>>> print(open('target.json').read())   # JSON, C-alpha atoms
[["chain", "number", "residue", "atom", "x", "y", "z"],
["V", 19, "MET", "CA", 0.00, 0.00, 0.00],
["V", 20, "ARG", "CA", 2.66, 2.43, 1.09],
["V", 21, "LYS", "CA", 4.97, 1.46, -1.74],
["V", 22, "SER", "CA", 2.32, 2.26, -4.29],
["V", 23, "THR", "CA", 1.71, 5.66, -2.69],
["V", 24, "ILE", "CA", 5.38, 6.52, -2.94],
["V", 25, "LEU", "CA", 5.48, 5.30, -6.51],
["V", 26, "PHE", "CA", 2.46, 7.45, -7.28],
["V", 27, "THR", "CA", 4.00, 10.54, -5.78],
["V", 28, "TYR", "CA", 7.11, 10.01, -7.86],
["V", 29, "LEU", "CA", 5.04, 9.56, -10.99],
["V", 30, "ILE", "CA", 3.12, 12.77, -10.38],
["V", 31, "LEU", "CA", 6.30, 14.66, -9.57],
["V", 32, "ALA", "CA", 7.94, 13.35, -12.72],
["V", 33, "LEU", "CA", 4.95, 14.35, -14.81],
["V", 34, "LEU", "CA", 4.78, 17.83, -13.35],
["V", 35, "LEU", "CA", 8.51, 18.48, -13.55],
["V", 36, "THR", "CA", 8.93, 17.28, -17.12],
["V", 37, "ALA", "CA", 5.91, 19.28, -18.18],
["V", 38, "CYS", "CA", 7.36, 22.43, -16.66],
["V", 39, "GLY", "CA", 10.83, 21.76, -17.98],
["V", 40, "ASN", "CA", 9.81, 21.31, -21.57],
["V", 41, "GLU", "CA", 7.54, 24.25, -22.04],
["V", 42, "PRO", "CA", 9.97, 27.16, -22.20],
["V", 43, "MET", "CA", 12.25, 25.24, -24.55],
["V", 44, "GLU", "CA", 9.46, 24.46, -26.97],
["V", 45, "GLN", "CA", 8.31, 28.02, -26.95],
["V", 46, "GLY", "CA", 11.81, 29.20, -27.66],
["V", 47, "GLN", "CA", 12.06, 26.88, -30.61],
["V", 48, "GLU", "CA", 8.76, 28.01, -31.98],
["V", 49, "ASN", "CA", 9.53, 31.67, -31.67],
["V", 50, "SER", "CA", 12.94, 31.47, -33.22],
["V", 51, "GLY", "CA", 11.71, 29.67, -36.34],
["V", 52, "SER", "CA", 9.57, 31.51, -38.87],
["V", 53, "PRO", "CA", 6.25, 29.94, -39.85],
["V", 54, "ASP", "CA", 6.12, 27.04, -42.24],
["V", 55, "VAL", "CA", 5.58, 28.77, -45.56],
["V", 56, "THR", "CA", 6.46, 27.67, -49.08],
["V", 57, "LYS", "CA", 5.97, 30.14, -51.82],
["V", 58, "ILE", "CA", 4.98, 28.97, -55.26],
["V", 59, "SER", "CA", 6.48, 30.66, -58.26],
["V", 60, "ASN", "CA", 4.06, 32.80, -60.20],
["V", 61, "ASP", "CA", 4.60, 31.35, -63.65],
["V", 62, "LYS", "CA", 2.57, 28.20, -62.98],
["V", 63, "LEU", "CA", -0.72, 27.15, -64.59],
["V", 64, "ILE", "CA", -2.69, 29.67, -62.67],
["V", 65, "SER", "CA", -0.67, 32.50, -61.23],
["V", 66, "GLN", "CA", -0.29, 31.96, -57.48],
["V", 67, "GLN", "CA", 0.39, 35.63, -56.92],
["V", 68, "PRO", "CA", -2.62, 36.21, -54.60],
["V", 69, "SER", "CA", -1.64, 33.18, -52.51],
["V", 70, "ASN", "CA", 1.87, 34.44, -52.11],
["V", 71, "GLU", "CA", 0.58, 37.87, -51.18],
["V", 72, "ALA", "CA", -1.68, 36.34, -48.53],
["V", 73, "LYS", "CA", 1.25, 34.38, -47.15],
["V", 74, "ASP", "CA", 3.30, 37.59, -46.93],
["V", 75, "ILE", "CA", 0.60, 39.32, -44.95],
["V", 76, "LEU", "CA", -0.10, 36.46, -42.56],
["V", 77, "ASP", "CA", 3.61, 35.87, -42.09],
["V", 78, "ASN", "CA", 3.73, 38.98, -39.90],
["V", 79, "TYR", "CA", 1.63, 37.45, -37.15],
["V", 80, "GLU", "CA", 3.56, 35.67, -34.44],
["V", 81, "GLU", "CA", 0.76, 33.30, -33.46],
["V", 82, "ILE", "CA", 0.60, 31.70, -36.90],
["V", 83, "THR", "CA", 2.94, 28.74, -37.32],
["V", 84, "ALA", "CA", 2.02, 27.53, -40.81],
["V", 85, "ILE", "CA", 0.29, 29.10, -43.78],
["V", 86, "LYS", "CA", -0.89, 27.19, -46.83],
["V", 87, "ALA", "CA", -2.67, 28.96, -49.66],
["V", 88, "VAL", "CA", -3.77, 28.07, -53.15],
["V", 89, "ASN", "CA", -5.85, 30.10, -55.54],
["V", 90, "THR", "CA", -7.75, 29.57, -58.73],
["V", 91, "LYS", "CA", -8.70, 32.36, -61.07],
["V", 92, "ASP", "CA", -11.42, 33.78, -58.85],
["V", 93, "SER", "CA", -11.10, 32.18, -55.43],
["V", 94, "LEU", "CA", -8.44, 31.90, -52.80],
["V", 95, "PHE", "CA", -8.16, 29.23, -50.13],
["V", 96, "ILE", "CA", -6.02, 29.94, -47.08],
["V", 97, "ALA", "CA", -5.38, 27.51, -44.25],
["V", 98, "ILE", "CA", -3.37, 28.42, -41.19],
["V", 99, "GLU", "CA", -2.05, 26.66, -38.14],
["V", 100, "VAL", "CA", -1.79, 28.59, -34.90],
["V", 101, "GLU", "CA", 0.37, 28.08, -31.83],
["V", 102, "HIS", "CA", -1.12, 25.50, -29.55],
["V", 103, "HIS", "CA", -2.09, 27.76, -26.66],
["V", 104, "GLU", "CA", -3.75, 30.15, -29.13],
["V", 105, "ARG", "CA", -6.23, 27.44, -29.99],
["V", 106, "PHE", "CA", -8.37, 28.68, -27.10],
["V", 107, "THR", "CA", -9.09, 31.82, -29.11],
["V", 108, "MET", "CA", -9.04, 30.12, -32.49],
["V", 109, "SER", "CA", -12.52, 31.15, -33.60],
["V", 110, "GLN", "CA", -11.73, 34.80, -32.95],
["V", 111, "LEU", "CA", -8.41, 34.51, -34.76],
["V", 112, "GLU", "CA", -10.12, 32.84, -37.70],
["V", 113, "LYS", "CA", -12.71, 35.58, -37.89],
["V", 114, "LYS", "CA", -10.11, 38.32, -37.64],
["V", 115, "HIS", "CA", -7.80, 36.96, -40.32],
["V", 116, "LYS", "CA", -10.64, 36.03, -42.64],
["V", 117, "LYS", "CA", -11.97, 39.56, -42.44],
["V", 118, "GLU", "CA", -8.53, 40.96, -43.12],
["V", 119, "MET", "CA", -8.07, 38.73, -46.15],
["V", 120, "LYS", "CA", -11.53, 39.62, -47.47],
["V", 121, "GLU", "CA", -10.67, 43.29, -47.22],
["V", 122, "HIS", "CA", -7.38, 42.79, -48.98],
["V", 123, "PHE", "CA", -8.63, 40.62, -51.83],
["V", 124, "LYS", "CA", -11.90, 42.33, -52.60],
["V", 125, "ASP", "CA", -12.43, 40.78, -56.02],
["V", 126, "MET", "CA", -11.78, 37.18, -54.95],
["V", 127, "LYS", "CA", -13.85, 34.63, -53.10],
["V", 128, "ILE", "CA", -12.01, 33.85, -49.87],
["V", 129, "GLU", "CA", -12.13, 30.49, -48.13],
["V", 130, "PHE", "CA", -10.42, 30.36, -44.78],
["V", 131, "SER", "CA", -9.72, 27.42, -42.51],
["V", 132, "THR", "CA", -7.75, 26.46, -39.41],
["V", 133, "ASP", "CA", -8.42, 22.75, -39.84],
["V", 134, "LYS", "CA", -5.42, 20.42, -39.84],
["V", 135, "LYS", "CA", -6.84, 18.33, -42.67],
["V", 136, "ILE", "CA", -7.24, 21.37, -44.90],
["V", 137, "VAL", "CA", -3.66, 22.40, -44.13],
["V", 138, "LEU", "CA", -2.47, 18.94, -45.19],
["V", 139, "GLU", "CA", -4.54, 18.88, -48.37],
["V", 140, "LEU", "CA", -3.49, 22.38, -49.42],
["V", 141, "GLU", "CA", 0.14, 21.48, -48.78],
["V", 142, "LYS", "CA", -0.19, 18.49, -51.11],
["V", 143, "LEU", "CA", -1.82, 20.66, -53.77],
["V", 144, "GLU", "CA", 0.86, 23.35, -53.38],
["V", 145, "GLN", "CA", 3.57, 20.79, -53.92],
["V", 146, "LYS", "CA", 1.84, 19.39, -56.98],
["V", 147, "ILE", "CA", 1.52, 22.85, -58.48],
["V", 148, "ASN", "CA", 5.12, 23.59, -57.66],
["V", 149, "HIS", "CA", 6.33, 20.44, -59.41],
["V", 150, "ASN", "CA", 3.95, 20.92, -62.33],
["V", 151, "ASP", "CA", 2.43, 17.53, -61.55],
["V", 152, "ILE", "CA", -1.13, 18.61, -62.13],
["V", 153, "SER", "CA", -3.17, 20.00, -65.00],
["V", 154, "LYS", "CA", -5.24, 23.14, -64.72],
["V", 155, "LYS", "CA", -8.49, 21.22, -64.84],
["V", 156, "GLU", "CA", -7.36, 18.70, -62.23],
["V", 157, "MET", "CA", -6.18, 21.47, -59.99],
["V", 158, "GLU", "CA", -9.52, 23.26, -60.15],
["V", 159, "LYS", "CA", -11.30, 20.00, -59.43],
["V", 160, "LYS", "CA", -9.08, 19.30, -56.42],
["V", 161, "PHE", "CA", -9.58, 22.87, -55.22],
["V", 162, "LYS", "CA", -13.33, 22.41, -55.35],
["V", 163, "GLN", "CA", -13.01, 19.12, -53.47],
["V", 164, "ILE", "CA", -11.08, 20.79, -50.68],
["V", 165, "VAL", "CA", -13.65, 23.60, -50.47],
["V", 166, "ASN", "CA", -16.40, 20.99, -50.09],
["V", 167, "LEU", "CA", -14.38, 19.06, -47.53],
["V", 168, "ALA", "CA", -13.97, 22.19, -45.44],
["V", 169, "LYS", "CA", -17.72, 22.79, -45.51],
["V", 170, "GLU", "CA", -18.61, 19.28, -44.31],
["V", 171, "GLN", "CA", -20.24, 19.33, -40.92],
["V", 172, "THR", "CA", -20.79, 15.71, -39.96],
["T", 30, "MET", "CA", -30.20, 18.39, 6.24],
["T", 31, "ALA", "CA", -28.21, 15.35, 7.28],
["T", 32, "ASP", "CA", -28.26, 16.56, 10.88],
["T", 33, "GLU", "CA", -32.03, 16.93, 10.84],
["T", 34, "LYS", "CA", -32.41, 13.40, 9.59],
["T", 35, "LYS", "CA", -30.08, 12.19, 12.31],
["T", 36, "LYS", "CA", -32.12, 13.86, 15.06],
["T", 37, "ASN", "CA", -35.20, 11.87, 14.09],
["T", 38, "LEU", "CA", -33.40, 8.58, 14.51],
["T", 39, "PRO", "CA", -33.62, 6.58, 17.73],
["T", 40, "PRO", "CA", -30.65, 7.06, 20.06],
["T", 41, "GLU", "CA", -29.26, 3.58, 19.38],
["T", 42, "ALA", "CA", -29.13, 4.30, 15.70],
["T", 43, "GLN", "CA", -27.40, 7.62, 16.36],
["T", 44, "LYS", "CA", -24.86, 5.87, 18.52],
["T", 45, "TYR", "CA", -24.30, 3.28, 15.86],
["T", 46, "GLN", "CA", -23.81, 5.96, 13.24],
["T", 47, "ASP", "CA", -21.18, 7.71, 15.33],
["T", 48, "PHE", "CA", -19.50, 4.40, 15.92],
["T", 49, "GLN", "CA", -19.43, 3.47, 12.27],
["T", 50, "THR", "CA", -18.19, 6.87, 11.07],
["T", 51, "LYS", "CA", -15.25, 6.43, 13.44],
["T", 52, "ARG", "CA", -14.47, 2.91, 12.24],
["T", 53, "GLU", "CA", -15.12, 3.50, 8.57],
["T", 54, "VAL", "CA", -12.10, 3.19, 6.31],
["T", 55, "LYS", "CA", -11.57, 6.61, 4.79],
["T", 56, "ARG", "CA", -11.65, 6.89, 1.05],
["T", 57, "PRO", "CA", -8.32, 7.99, -0.42],
["T", 58, "LEU", "CA", -9.96, 10.89, -2.23],
["T", 59, "LEU", "CA", -6.86, 12.55, -3.64],
["T", 60, "LYS", "CA", -5.39, 9.25, -4.79],
["T", 61, "ASN", "CA", -8.65, 8.34, -6.51],
["T", 62, "CYS", "CA", -8.73, 11.71, -8.22],
["T", 63, "ILE", "CA", -5.18, 11.31, -9.46],
["T", 64, "LYS", "CA", -5.88, 7.78, -10.70],
["T", 65, "ALA", "CA", -9.02, 8.95, -12.50],
["T", 66, "PHE", "CA", -7.15, 11.90, -13.98],
["T", 67, "LEU", "CA", -4.32, 9.75, -15.31],
["T", 68, "VAL", "CA", -6.42, 6.91, -16.71],
["T", 69, "GLY", "CA", -9.01, 9.33, -18.16],
["T", 70, "GLY", "CA", -6.15, 11.26, -19.70],
["T", 71, "ILE", "CA", -4.66, 8.13, -21.22],
["T", 72, "ILE", "CA", -8.04, 7.19, -22.75],
["T", 73, "CYS", "CA", -8.37, 10.69, -24.23],
["T", 74, "PHE", "CA", -4.79, 10.47, -25.48],
["T", 75, "ILE", "CA", -5.62, 7.25, -27.32],
["T", 76, "GLY", "CA", -8.70, 8.98, -28.72],
["T", 77, "GLN", "CA", -6.54, 11.85, -29.95],
["T", 78, "ILE", "CA", -4.17, 9.41, -31.63],
["T", 79, "ILE", "CA", -7.12, 7.77, -33.41],
["T", 80, "THR", "CA", -8.46, 11.18, -34.49],
["T", 81, "THR", "CA", -5.08, 12.17, -35.88],
["T", 82, "PHE", "CA", -4.83, 8.82, -37.65],
["T", 83, "TYR", "CA", -8.20, 9.41, -39.34],
["T", 84, "ILE", "CA", -7.25, 12.95, -40.34],
["T", 85, "TYR", "CA", -3.95, 11.91, -41.88],
["T", 86, "ASN", "CA", -5.08, 8.69, -43.58],
["T", 87, "PHE", "CA", -8.73, 9.19, -44.47],
["T", 88, "ASN", "CA", -10.87, 11.96, -45.83],
["T", 89, "PHE", "CA", -11.89, 13.41, -42.46],
["T", 90, "THR", "CA", -11.41, 16.94, -41.18],
["T", 91, "GLU", "CA", -10.93, 17.87, -37.53],
["T", 92, "GLN", "CA", -14.65, 18.59, -37.48],
["T", 93, "THR", "CA", -15.76, 15.27, -38.92],
["T", 94, "ALA", "CA", -13.13, 12.92, -37.46],
["T", 95, "GLY", "CA", -14.98, 12.88, -34.10],
["T", 96, "ASN", "CA", -17.65, 10.39, -35.20],
["T", 97, "PRO", "CA", -15.38, 7.57, -36.43],
["T", 98, "THR", "CA", -13.14, 8.13, -33.39],
["T", 99, "THR", "CA", -16.07, 7.59, -31.04],
["T", 100, "ALA", "CA", -17.08, 4.48, -32.96],
["T", 101, "THR", "CA", -13.55, 3.08, -32.82],
["T", 102, "LEU", "CA", -13.22, 3.76, -29.09],
["T", 103, "ILE", "CA", -16.54, 2.06, -28.41],
["T", 104, "PHE", "CA", -15.45, -0.89, -30.53],
["T", 105, "ILE", "CA", -12.23, -1.23, -28.52],
["T", 106, "THR", "CA", -14.26, -0.96, -25.30],
["T", 107, "MET", "CA", -16.56, -3.72, -26.56],
["T", 108, "LEU", "CA", -13.59, -6.06, -26.95],
["T", 109, "LEU", "CA", -12.11, -5.06, -23.59],
["T", 110, "THR", "CA", -15.46, -5.49, -21.84],
["T", 111, "GLY", "CA", -15.97, -8.90, -23.42],
["T", 112, "PHE", "CA", -12.54, -10.07, -22.31],
["T", 113, "GLY", "CA", -13.12, -8.69, -18.82],
["T", 114, "VAL", "CA", -10.30, -6.17, -18.95],
["T", 115, "TYR", "CA", -12.43, -3.05, -18.75],
["T", 116, "ASP", "CA", -13.83, -4.13, -15.36],
["T", 117, "ARG", "CA", -10.34, -4.06, -13.95],
["T", 118, "ILE", "CA", -9.63, -0.68, -15.48],
["T", 119, "GLY", "CA", -12.91, 0.56, -13.98],
["T", 120, "GLN", "CA", -12.01, -0.86, -10.58],
["T", 121, "PHE", "CA", -8.68, 0.94, -10.65],
["T", 122, "ALA", "CA", -9.63, 4.25, -12.23],
["T", 123, "GLY", "CA", -13.27, 4.83, -11.22],
["T", 124, "ALA", "CA", -14.60, 7.95, -12.89],
["T", 125, "GLY", "CA", -11.54, 8.11, -15.13],
["T", 126, "SER", "CA", -12.88, 5.15, -17.06],
["T", 127, "ALA", "CA", -16.58, 6.02, -16.71],
["T", 128, "VAL", "CA", -16.66, 9.62, -17.90],
["T", 129, "PRO", "CA", -15.12, 9.25, -21.40],
["T", 130, "VAL", "CA", -17.27, 7.71, -24.12],
["T", 131, "THR", "CA", -15.68, 4.33, -23.36],
["T", 132, "GLY", "CA", -17.59, 4.30, -20.05],
["T", 133, "PHE", "CA", -20.83, 4.78, -21.92],
["T", 134, "GLY", "CA", -19.89, 1.96, -24.28],
["T", 135, "ASN", "CA", -19.01, -0.26, -21.35],
["T", 136, "ALA", "CA", -22.37, 0.42, -19.69],
["T", 137, "VAL", "CA", -24.26, -0.63, -22.83],
["T", 138, "ILE", "CA", -22.15, -3.65, -23.66],
["T", 139, "ALA", "CA", -21.86, -5.01, -20.13],
["T", 140, "SER", "CA", -25.64, -5.06, -19.70],
["T", 141, "ALA", "CA", -26.06, -6.61, -23.14],
["T", 142, "ILE", "CA", -23.74, -9.44, -22.12],
["T", 143, "GLU", "CA", -25.39, -9.77, -18.72],
["T", 144, "TYR", "CA", -28.94, -10.18, -20.05],
["T", 145, "ARG", "CA", -27.97, -12.43, -22.93],
["T", 146, "THR", "CA", -29.44, -15.44, -21.08],
["T", 147, "GLU", "CA", -32.91, -13.86, -20.96],
["T", 148, "GLY", "CA", -33.23, -13.79, -24.72],
["T", 149, "PHE", "CA", -32.62, -11.26, -27.41],
["T", 150, "ILE", "CA", -35.79, -9.19, -27.14],
["T", 151, "LEU", "CA", -36.83, -9.15, -23.50],
["T", 152, "GLY", "CA", -33.28, -9.70, -22.31],
["T", 153, "VAL", "CA", -30.71, -7.87, -24.41],
["T", 154, "GLY", "CA", -33.13, -5.53, -26.20],
["T", 155, "SER", "CA", -34.93, -4.19, -23.18],
["T", 156, "ASN", "CA", -32.04, -4.11, -20.74],
["T", 157, "MET", "CA", -29.21, -2.88, -22.94],
["T", 158, "LEU", "CA", -29.92, 0.80, -22.35],
["T", 159, "LYS", "CA", -30.97, 0.44, -18.73],
["T", 160, "LEU", "CA", -27.88, 2.24, -17.49],
["T", 161, "ALA", "CA", -27.08, 4.20, -20.62],
["T", 162, "GLY", "CA", -30.65, 5.50, -21.05],
["T", 163, "PRO", "CA", -30.39, 8.03, -18.20],
["T", 164, "VAL", "CA", -27.09, 9.24, -19.67],
["T", 165, "ILE", "CA", -28.85, 10.01, -22.94],
["T", 166, "VAL", "CA", -31.89, 11.57, -21.24],
["T", 167, "TYR", "CA", -29.88, 13.89, -19.02],
["T", 168, "GLY", "CA", -27.33, 14.57, -21.77],
["T", 169, "VAL", "CA", -30.08, 15.77, -24.09],
["T", 170, "PHE", "CA", -31.78, 17.68, -21.29],
["T", 171, "SER", "CA", -28.63, 19.50, -20.18],
["T", 172, "ALA", "CA", -27.77, 20.28, -23.81],
["T", 173, "PHE", "CA", -31.23, 21.83, -24.12],
["T", 174, "VAL", "CA", -30.74, 23.93, -20.98],
["T", 175, "ILE", "CA", -27.30, 25.10, -22.13],
["T", 176, "ALA", "CA", -28.70, 25.98, -25.56],
["T", 177, "LEU", "CA", -31.46, 27.95, -23.84],
["T", 178, "ILE", "CA", -28.96, 29.86, -21.73],
["T", 179, "LYS", "CA", -26.76, 30.56, -24.75],
["T", 180, "THR", "CA", -29.71, 31.75, -26.81],
["T", 181, "ILE", "CA", -30.83, 34.10, -24.05],
["T", 182, "LEU", "CA", -27.30, 35.48, -23.62],
["T", 183, "VAL", "CA", -26.73, 35.94, -27.35],
["T", 184, "GLN", "CA", -30.17, 37.29, -28.21],
["T", 185, "TRP", "CA", -30.73, 39.58, -25.26],
["T", 186, "GLY", "CA", -27.33, 39.97, -23.70],
["T", 187, "GLY", "CA", -25.59, 40.99, -26.88],
["T", 188, "PHE", "CA", -22.51, 38.81, -26.35]]
>>> encode(input="target.json", output="structure tokens")
Amino acid sequence: MRKSTILFTYLILALLLTACGNEPMEQGQENSGSPDVTKISNDKLISQQPSNEAKDILDNYEEITAIKAVNTKDSLFIAIEVEHHERFTMSQLEKKHKKEMKEHFKDMKIEFSTDKKIVLELEKLEQKINHNDISKKEMEKKFKQIVNLAKEQT
Amino acid sequence: MADEKKKNLPPEAQKYQDFQTKREVKRPLLKNCIKAFLVGGIICFIGQIITTFYIYNFNFTEQTAGNPTTATLIFITMLLTGFGVYDRIGQFAGAGSAVPVTGFGNAVIASAIEYRTEGFILGVGSNMLKLAGPVIVYGVFSAFVIALIKTILVQWGGF
């Protein structure tokens, strides 16, 4: 009985101490590195100029750790990842940045997401565009698919 | 309220109650809390791993990955309950194993197994949700109350 209590105390102590020890280091790493952004050259199938512009703007915010963006002729899809503790205020952040993007790209339809899946899918699409692995039609189809995926509720 | 009840009891019963409160083995409240916290946390951690797995490997978003995760966790619980492992986890962790969705699954499956001998309709069918039914009733009811409060705050409070 007593042995297990001692073991338990040690376990709790270990958990607490490691948790406290790791946090500042991780934060330091996150702050020192810039967000995960890959720019796509503009001379691809559909010019990715608006996407790159959006990445430039969002790059200035410290809380954003990754930005993925792809655009077609008339719509722009941006997905961001935020620092973990900022997830508590994620809906506000999403609203704020979406509004900002809408104001900046007035003539485009803006889709905005903070979902991990959308980040992954857009990253794949970005890479395909970058390597010229995808035709214009396929790209538009994939873009539409991602838009629908982001709208799914259940 | 407890004191009032005690006053109405005959003196022997009062004496006995005093006696038994003295002799009673005290519950290790803090230890139980820590156990529940850790085991509940581990179950949620497994759930998070499953969610991440679905997001990375299937066509689910963070929003939609919750449903298959719940189903998978309940499936795992079904196996563990059938093999008699979940009982031991429940004995050790208490609320830590009852509060996550696995506890709900366990409540349904355990009663289904228990009433198997009474037949499929009057046994399994009617007794399966005996314990889980109240969870659903009060879950729906409290969701309704919360929705009511939120609506009032948003509509009239201007939040």
>>> closest_atom_pairs(input="target.json", of="chain T", to="chain V", cutoff="10 Å", atoms="all atoms listed in the file", output="Markdown table")
| residue | atom | partner | partner_atom | distance |
| --- | --- | --- | --- | --- |
| T:Lys60 | CA | V:Thr23 | CA | 8.2 |
| T:Ile63 | CA | V:Ile30 | CA | 8.5 |
| T:Lys64 | CA | V:Phe26 | CA | 9.0 |
| T:Leu67 | CA | V:Ile30 | CA | 9.4 |
| T:Thr81 | CA | V:Lys134 | CA | 9.2 |
| T:Tyr83 | CA | V:Lys135 | CA | 9.6 |
| T:Ile84 | CA | V:Lys135 | CA | 5.9 |
| T:Tyr85 | CA | V:Lys135 | CA | 7.1 |
| T:Asn86 | CA | V:Lys135 | CA | 9.8 |
| T:Phe87 | CA | V:Lys135 | CA | 9.5 |
| T:Asn88 | CA | V:Leu167 | CA | 8.1 |
| T:Phe89 | CA | V:Lys135 | CA | 7.1 |
| T:Thr90 | CA | V:Lys135 | CA | 5.0 |
| T:Glu91 | CA | V:Asp133 | CA | 6.0 |
| T:Gln92 | CA | V:Gln171 | CA | 6.6 |
| T:Thr93 | CA | V:Thr172 | CA | 5.2 |
| T:Ala94 | CA | V:Thr172 | CA | 8.5 |
| T:Gly95 | CA | V:Thr172 | CA | 8.7 |
| T:Asn96 | CA | V:Thr172 | CA | 7.8 |
>>> residues_around(input="target.json", residues="range 81-97 of chain V", least_positions_apart="2", cutoff="6 Å", atoms="all atoms listed in the file", output="compact mmCIF listing (two decimals) with C-alpha atoms, in the frame of the given file")
# COMPACT_ATOMS: atom_id res chain seq x y z
CA PRO V 53 6.25 29.94 -39.85
CA ASP V 54 6.12 27.04 -42.24
CA VAL V 55 5.58 28.77 -45.56
CA SER V 69 -1.64 33.18 -52.51
CA TYR V 79 1.63 37.45 -37.15
CA GLU V 99 -2.05 26.66 -38.14
CA VAL V 100 -1.79 28.59 -34.90
CA GLU V 101 0.37 28.08 -31.83
CA MET V 126 -11.78 37.18 -54.95
CA LYS V 127 -13.85 34.63 -53.10
CA ILE V 128 -12.01 33.85 -49.87
CA GLU V 129 -12.13 30.49 -48.13
CA PHE V 130 -10.42 30.36 -44.78
CA SER V 131 -9.72 27.42 -42.51
CA THR V 132 -7.75 26.46 -39.41
CA VAL V 137 -3.66 22.40 -44.13
>>> closest_residue(input="target.json", among="V:Ser22, V:Tyr28, V:Leu63, V:Lys113", to="Glu144 in chain V", atoms="all atoms listed in the file")
V:Leu63
>>> closest_residue(input="target.json", among="T:Trp185, T:Ile78, T:Ile178, T:Gly123", to="Leu58 in chain T", atoms="all atoms listed in the file")
T:Gly123
>>> atom_distance(input="target.json", atom1="CA of Phe133 in chain T", atom2="CA of Ile105 in chain T")
12.4 Å
>>> atom_distance(input="target.json", atom1="CA of Ala141 in chain T", atom2="CA of Phe112 in chain T")
14.0 Å
>>> atom_distance(input="target.json", atom1="CA of Asn61 in chain T", atom2="CA of Tyr115 in chain T")
17.1 Å
>>> closest_residue(input="target.json", among="T:Gln49, T:Ile75, T:Gly125, T:Ala65", to="Thr101 in chain T", atoms="only C-alpha atoms")
T:Ile75
>>> closest_residue(input="target.json", among="V:Ala32, V:Gln145, V:Glu118, V:Ile64", to="Glu158 in chain V", atoms="only C-alpha atoms")
V:Ile64
>>> axis_aligned_box(input="target.json", around="range 151-168 of chain V", padding_each_side="8 Å", output="AutoDock Vina command-line options")
--center_x -7.0 --center_y 20.6 --center_z -55.2 --size_x 34.8 --size_y 22.1 --size_z 35.6
>>> build_atoms(input="target.json", residues="range 95-99 of chain V", atoms="all heavy atoms", output="mmCIF file, in the frame of the given file")
data_model
loop_
_atom_site.group_PDB
_atom_site.id
_atom_site.type_symbol
_atom_site.label_atom_id
_atom_site.label_comp_id
_atom_site.auth_asym_id
_atom_site.auth_seq_id
_atom_site.Cartn_x
_atom_site.Cartn_y
_atom_site.Cartn_z
ATOM 1 N N PHE V 95 -7.962 30.063 -51.327
ATOM 2 C CA PHE V 95 -8.160 29.230 -50.130
ATOM 3 C C PHE V 95 -6.924 29.344 -49.252
ATOM 4 O O PHE V 95 -5.825 29.017 -49.680
ATOM 5 C CB PHE V 95 -8.381 27.776 -50.537
ATOM 6 C CG PHE V 95 -9.127 26.993 -49.495
ATOM 7 C CD1 PHE V 95 -10.063 26.033 -49.859
ATOM 8 C CD2 PHE V 95 -8.910 27.211 -48.146
ATOM 9 C CE1 PHE V 95 -10.758 25.317 -48.906
ATOM 10 C CE2 PHE V 95 -9.595 26.504 -47.190
ATOM 11 C CZ PHE V 95 -10.524 25.557 -47.576
ATOM 12 N N ILE V 96 -7.138 29.803 -48.021
ATOM 13 C CA ILE V 96 -6.020 29.940 -47.080
ATOM 14 C C ILE V 96 -6.286 29.048 -45.876
ATOM 15 O O ILE V 96 -7.397 29.030 -45.347
ATOM 16 C CB ILE V 96 -5.882 31.400 -46.591
ATOM 17 C CG1 ILE V 96 -5.837 32.354 -47.772
ATOM 18 C CG2 ILE V 96 -4.644 31.558 -45.725
ATOM 19 C CD1 ILE V 96 -6.203 33.760 -47.409
ATOM 20 N N ALA V 97 -5.276 28.307 -45.480
ATOM 21 C CA ALA V 97 -5.380 27.510 -44.250
ATOM 22 C C ALA V 97 -4.196 27.855 -43.373
ATOM 23 O O ALA V 97 -3.073 27.929 -43.857
ATOM 24 C CB ALA V 97 -5.389 26.034 -44.577
ATOM 25 N N ILE V 98 -4.471 28.087 -42.095
ATOM 26 C CA ILE V 98 -3.370 28.420 -41.190
ATOM 27 C C ILE V 98 -3.356 27.469 -40.002
ATOM 28 O O ILE V 98 -4.361 26.859 -39.666
ATOM 29 C CB ILE V 98 -3.472 29.879 -40.656
ATOM 30 C CG1 ILE V 98 -4.797 30.086 -39.922
ATOM 31 C CG2 ILE V 98 -3.292 30.862 -41.783
ATOM 32 C CD1 ILE V 98 -4.816 31.363 -39.118
ATOM 33 N N GLU V 99 -2.176 27.369 -39.403
ATOM 34 C CA GLU V 99 -2.050 26.660 -38.140
ATOM 35 C C GLU V 99 -1.609 27.683 -37.118
ATOM 36 O O GLU V 99 -0.753 28.510 -37.426
ATOM 37 C CB GLU V 99 -0.961 25.589 -38.276
ATOM 38 C CG GLU V 99 -1.482 24.182 -38.210
ATOM 39 C CD GLU V 99 -0.394 23.185 -38.495
ATOM 40 O OE1 GLU V 99 0.565 23.106 -37.720
ATOM 41 O OE2 GLU V 99 -0.504 22.500 -39.532
#
